[in-house]
Amino acid sequence: MAATLSAVVFTKPGCGPCLWVKKSLEQYGVPYTDRDVTTDPAAEATLRSLYAGHRPGQHPATPVTLLATPDGAMTVFGPDIRKHLRDATRAVDAA
């Protein structure tokens with residue numbers, strides 16, 4: 001099921017919503033990579049690029065999740081990952 005899903009989560013220390021996203025991914029069995037934007041300059045640059053492309057003019061904030069599915073990838077801003085996980089796992093189950 002969720003084995004065909006994976007994620008990259010852009011986080012920072014002390015970010016409660018980041019913990020929620022990671023816990024949600026774990027509950028759905030989705031493997032993820034945690035990228036700390038405070039210690040990883042490449043992660044910070046990617047976060048800024050995602051905001052510039054999808055939310056121009058907004059200040060970059062964590063969490064941002066890149067969710068890879070069999071149908072492609074989606075970018076989820078903020079902690080609202082559960083709906084996307086439900087939809088993605090349903091699509092995988094239906095395939």
# chains A, B, ... in the order shown; residues from 1 in each chain; ligands from 1
>>> closest_atom_pairs(of="region 4-32 of chain A", to="region 68-88 of chain A", cutoff="8 Å", atoms="only C-alpha atoms", output="tab-separated table")
residue	atom	partner	partner_atom	distance
A:Thr4	CA	A:Thr69	CA	6.7
A:Leu5	CA	A:Thr69	CA	5.0
A:Ser6	CA	A:Ala68	CA	5.2
A:Ala7	CA	A:Ala68	CA	5.9
A:Pro17	CA	A:Pro79	CA	5.3
A:Cys18	CA	A:Pro79	CA	6.8
A:Trp20	CA	A:Pro79	CA	6.7
A:Val21	CA	A:Pro79	CA	5.7
A:Ser24	CA	A:Arg82	CA	6.7
A:Leu25	CA	A:Leu85	CA	7.8
A:Tyr28	CA	A:Leu85	CA	7.4
>>> write_last_selection(atoms="C-alpha atoms", output="short mmCIF file (atom, residue, chain, number, x, y, z; two decimals), in the first residue's frame")
data_model
loop_
_atom_site.label_atom_id
_atom_site.label_comp_id
_atom_site.auth_asym_id
_atom_site.auth_seq_id
_atom_site.Cartn_x
_atom_site.Cartn_y
_atom_site.Cartn_z
CA THR A 4 4.83 3.09 -3.18
CA LEU A 5 4.59 6.49 -1.51
CA SER A 6 7.51 8.51 -0.15
CA ALA A 7 8.03 12.01 1.15
CA PRO A 17 3.38 21.24 12.89
CA CYS A 18 6.51 19.53 11.51
CA TRP A 20 2.54 16.39 13.30
CA VAL A 21 3.42 15.84 9.63
CA SER A 24 1.14 11.35 10.21
CA LEU A 25 3.56 9.94 7.65
CA TYR A 28 0.40 5.84 7.20
#
>>> closest_atom_pairs(of="region 54-92 of chain A", to="region 35-46 of chain A", cutoff="10 Å", atoms="only C-alpha atoms", output="JSON lines")
{"residue": "A:Pro60", "atom": "CA", "partner": "A:Glu44", "partner_atom": "CA", "distance": 9.0}
{"residue": "A:Ala61", "atom": "CA", "partner": "A:Val37", "partner_atom": "CA", "distance": 9.7}
{"residue": "A:Thr62", "atom": "CA", "partner": "A:Val37", "partner_atom": "CA", "distance": 8.5}
{"residue": "A:Pro63", "atom": "CA", "partner": "A:Val37", "partner_atom": "CA", "distance": 9.9}
{"residue": "A:Val64", "atom": "CA", "partner": "A:Arg35", "partner_atom": "CA", "distance": 9.9}
{"residue": "A:Thr65", "atom": "CA", "partner": "A:Arg35", "partner_atom": "CA", "distance": 9.9}
>>> select_by_dssp(residues="chain A", states="strand (DSSP E or B)", output="number ranges by chain")
A: 6-11, 32-36, 64-69, 72-77
>>> write_last_selection(atoms="N, CA and C atoms", output="compact mmCIF listing (two decimals), in the first residue's frame")
# COMPACT_ATOMS: atom_id res chain seq x y z
N SER A 6 6.36 8.03 -0.92
CA SER A 6 7.51 8.51 -0.15
C SER A 6 7.38 10.02 -0.02
N ALA A 7 8.15 10.57 0.90
CA ALA A 7 8.03 12.01 1.15
C ALA A 7 9.36 12.61 1.58
N VAL A 8 9.47 13.90 1.34
CA VAL A 8 10.55 14.72 1.89
C VAL A 8 9.85 15.83 2.67
N VAL A 9 10.26 15.99 3.94
CA VAL A 9 9.64 17.01 4.79
C VAL A 9 10.69 18.06 5.14
N PHE A 10 10.40 19.30 4.81
CA PHE A 10 11.29 20.41 5.15
C PHE A 10 10.84 20.93 6.52
N THR A 11 11.76 20.86 7.49
CA THR A 11 11.43 21.13 8.88
C THR A 11 12.44 22.08 9.51
N TYR A 32 9.97 8.71 4.84
CA TYR A 32 10.25 10.12 4.54
C TYR A 32 11.68 10.48 4.90
N THR A 33 12.13 11.54 4.27
CA THR A 33 13.43 12.14 4.58
C THR A 33 13.16 13.47 5.24
N ASP A 34 13.79 13.71 6.37
CA ASP A 34 13.64 14.95 7.13
C ASP A 34 14.78 15.90 6.72
N ARG A 35 14.44 17.07 6.19
CA ARG A 35 15.44 18.06 5.77
C ARG A 35 15.31 19.29 6.67
N ASP A 36 16.28 19.52 7.53
CA ASP A 36 16.29 20.65 8.46
C ASP A 36 16.81 21.89 7.74
N VAL A 64 6.92 21.96 4.93
CA VAL A 64 6.51 21.76 3.54
C VAL A 64 6.87 20.31 3.23
N THR A 65 5.92 19.60 2.64
CA THR A 65 6.12 18.19 2.34
C THR A 65 6.00 17.96 0.84
N LEU A 66 7.00 17.28 0.29
CA LEU A 66 6.94 16.82 -1.09
C LEU A 66 6.52 15.36 -1.02
N LEU A 67 5.32 15.07 -1.48
CA LEU A 67 4.77 13.71 -1.41
C LEU A 67 4.83 13.09 -2.80
N ALA A 68 5.62 12.03 -2.93
CA ALA A 68 5.75 11.33 -4.21
C ALA A 68 4.76 10.17 -4.23
N THR A 69 3.94 10.13 -5.28
CA THR A 69 2.94 9.09 -5.45
C THR A 69 3.17 8.42 -6.81
N GLY A 72 2.70 10.90 -9.61
CA GLY A 72 3.51 12.11 -9.66
C GLY A 72 3.82 12.60 -8.27
N ALA A 73 4.05 13.89 -8.15
CA ALA A 73 4.40 14.47 -6.86
C ALA A 73 3.50 15.65 -6.56
N MET A 74 3.32 15.90 -5.27
CA MET A 74 2.55 17.07 -4.86
C MET A 74 3.30 17.77 -3.74
N THR A 75 3.10 19.07 -3.66
CA THR A 75 3.70 19.89 -2.61
C THR A 75 2.60 20.27 -1.64
N VAL A 76 2.81 19.96 -0.36
CA VAL A 76 1.83 20.27 0.67
C VAL A 76 2.45 21.29 1.63
N PHE A 77 1.85 22.46 1.70
CA PHE A 77 2.32 23.52 2.59
C PHE A 77 1.56 23.41 3.90
>>> select_by_dssp(residues="chain A", states="helix (DSSP H, G or I)", output="PyMOL selection string")
chain A and resi 2-4+16-27+41-54+82-94
>>> write_last_selection(atoms="N, CA and C atoms", output="CSV table (one decimal), in the first residue's frame")
chain,number,residue,atom,x,y,z
A,2,ALA,N,1.2,1.8,1.2
A,2,ALA,CA,2.0,3.0,1.3
A,2,ALA,C,3.4,2.9,0.9
A,3,ALA,N,3.9,1.6,0.6
A,3,ALA,CA,5.2,1.4,0.2
A,3,ALA,C,5.6,2.1,-1.1
A,4,THR,N,4.6,2.4,-1.9
A,4,THR,CA,4.8,3.1,-3.2
A,4,THR,C,4.8,4.6,-3.0
A,16,GLY,N,6.2,22.5,15.9
A,16,GLY,CA,5.1,21.5,16.3
A,16,GLY,C,4.4,21.0,15.1
A,17,PRO,N,4.0,21.8,14.1
A,17,PRO,CA,3.4,21.2,12.9
A,17,PRO,C,4.3,20.3,12.1
A,18,CYS,N,5.6,20.5,12.2
A,18,CYS,CA,6.5,19.5,11.5
A,18,CYS,C,6.4,18.2,12.2
A,19,LEU,N,6.3,18.1,13.5
A,19,LEU,CA,6.2,16.9,14.2
A,19,LEU,C,4.9,16.2,13.8
A,20,TRP,N,3.8,16.9,13.7
A,20,TRP,CA,2.5,16.4,13.3
A,20,TRP,C,2.6,15.7,11.9
A,21,VAL,N,3.3,16.4,11.0
A,21,VAL,CA,3.4,15.8,9.6
A,21,VAL,C,4.2,14.5,9.7
A,22,LYS,N,5.3,14.5,10.4
A,22,LYS,CA,6.2,13.3,10.5
A,22,LYS,C,5.4,12.2,11.1
A,23,LYS,N,4.7,12.5,12.2
A,23,LYS,CA,3.9,11.5,12.9
A,23,LYS,C,2.8,10.9,11.9
A,24,SER,N,2.2,11.8,11.2
A,24,SER,CA,1.1,11.4,10.2
A,24,SER,C,1.7,10.4,9.2
A,25,LEU,N,2.9,10.8,8.6
A,25,LEU,CA,3.6,9.9,7.6
A,25,LEU,C,3.9,8.6,8.2
A,26,GLU,N,4.4,8.6,9.5
A,26,GLU,CA,4.7,7.3,10.1
A,26,GLU,C,3.4,6.5,10.3
A,27,GLN,N,2.3,7.1,10.7
A,27,GLN,CA,1.1,6.3,10.9
A,27,GLN,C,0.6,5.7,9.6
A,41,PRO,N,21.9,24.1,4.0
A,41,PRO,CA,21.7,25.2,3.1
A,41,PRO,C,20.9,24.8,1.8
A,42,ALA,N,21.1,23.6,1.3
A,42,ALA,CA,20.4,23.1,0.1
A,42,ALA,C,18.9,23.0,0.4
A,43,ALA,N,18.6,22.5,1.6
A,43,ALA,CA,17.2,22.4,2.0
A,43,ALA,C,16.5,23.7,2.1
A,44,GLU,N,17.2,24.7,2.7
A,44,GLU,CA,16.7,26.1,2.8
A,44,GLU,C,16.5,26.7,1.4
A,45,ALA,N,17.4,26.4,0.5
A,45,ALA,CA,17.3,27.0,-0.9
A,45,ALA,C,16.1,26.3,-1.6
A,46,THR,N,15.9,25.0,-1.4
A,46,THR,CA,14.7,24.3,-2.0
A,46,THR,C,13.4,24.9,-1.4
A,47,LEU,N,13.4,25.1,-0.1
A,47,LEU,CA,12.2,25.6,0.5
A,47,LEU,C,11.9,27.0,-0.1
A,48,ARG,N,12.9,27.8,-0.2
A,48,ARG,CA,12.6,29.2,-0.8
A,48,ARG,C,12.2,29.1,-2.2
A,49,SER,N,12.7,28.1,-3.0
A,49,SER,CA,12.3,27.9,-4.4
A,49,SER,C,10.9,27.5,-4.5
A,50,LEU,N,10.5,26.6,-3.6
A,50,LEU,CA,9.1,26.1,-3.6
A,50,LEU,C,8.1,27.2,-3.3
A,51,TYR,N,8.5,28.1,-2.3
A,51,TYR,CA,7.6,29.2,-2.1
A,51,TYR,C,7.6,30.2,-3.2
A,52,ALA,N,8.7,30.4,-3.8
A,52,ALA,CA,8.8,31.4,-5.0
A,52,ALA,C,7.9,30.9,-6.1
A,53,GLY,N,7.9,29.6,-6.3
A,53,GLY,CA,7.2,29.0,-7.4
A,53,GLY,C,5.7,28.8,-7.2
A,54,HIS,N,5.3,28.5,-5.9
A,54,HIS,CA,4.0,28.2,-5.6
A,54,HIS,C,3.2,29.2,-4.8
A,82,ARG,N,-2.8,15.0,6.2
A,82,ARG,CA,-3.7,13.8,6.3
A,82,ARG,C,-4.6,13.5,5.1
A,83,LYS,N,-5.3,14.6,4.6
A,83,LYS,CA,-6.2,14.4,3.5
A,83,LYS,C,-5.4,13.9,2.3
A,84,HIS,N,-4.3,14.5,2.1
A,84,HIS,CA,-3.4,14.1,0.9
A,84,HIS,C,-3.0,12.6,1.1
A,85,LEU,N,-2.7,12.2,2.3
A,85,LEU,CA,-2.2,10.9,2.5
A,85,LEU,C,-3.4,9.9,2.3
A,86,ARG,N,-4.6,10.3,2.8
A,86,ARG,CA,-5.8,9.4,2.6
A,86,ARG,C,-6.0,9.3,1.1
A,87,ASP,N,-6.0,10.4,0.3
A,87,ASP,CA,-6.3,10.3,-1.1
A,87,ASP,C,-5.2,9.5,-1.8
A,88,ALA,N,-4.0,9.7,-1.5
A,88,ALA,CA,-2.9,9.0,-2.1
A,88,ALA,C,-2.9,7.5,-1.8
A,89,THR,N,-3.2,7.1,-0.6
A,89,THR,CA,-3.3,5.7,-0.3
A,89,THR,C,-4.5,5.0,-0.9
A,90,ARG,N,-5.6,5.7,-1.0
A,90,ARG,CA,-6.7,5.2,-1.7
A,90,ARG,C,-6.4,4.9,-3.2
A,91,ALA,N,-5.7,5.9,-3.8
A,91,ALA,CA,-5.3,5.7,-5.2
A,91,ALA,C,-4.4,4.5,-5.4
A,92,VAL,N,-3.5,4.3,-4.5
A,92,VAL,CA,-2.5,3.2,-4.5
A,92,VAL,C,-3.3,1.9,-4.3
A,93,ASP,N,-4.2,1.9,-3.4
A,93,ASP,CA,-5.0,0.7,-3.1
A,93,ASP,C,-5.9,0.3,-4.3
A,94,ALA,N,-6.4,1.3,-5.0
A,94,ALA,CA,-7.3,1.1,-6.2
A,94,ALA,C,-6.5,0.6,-7.4
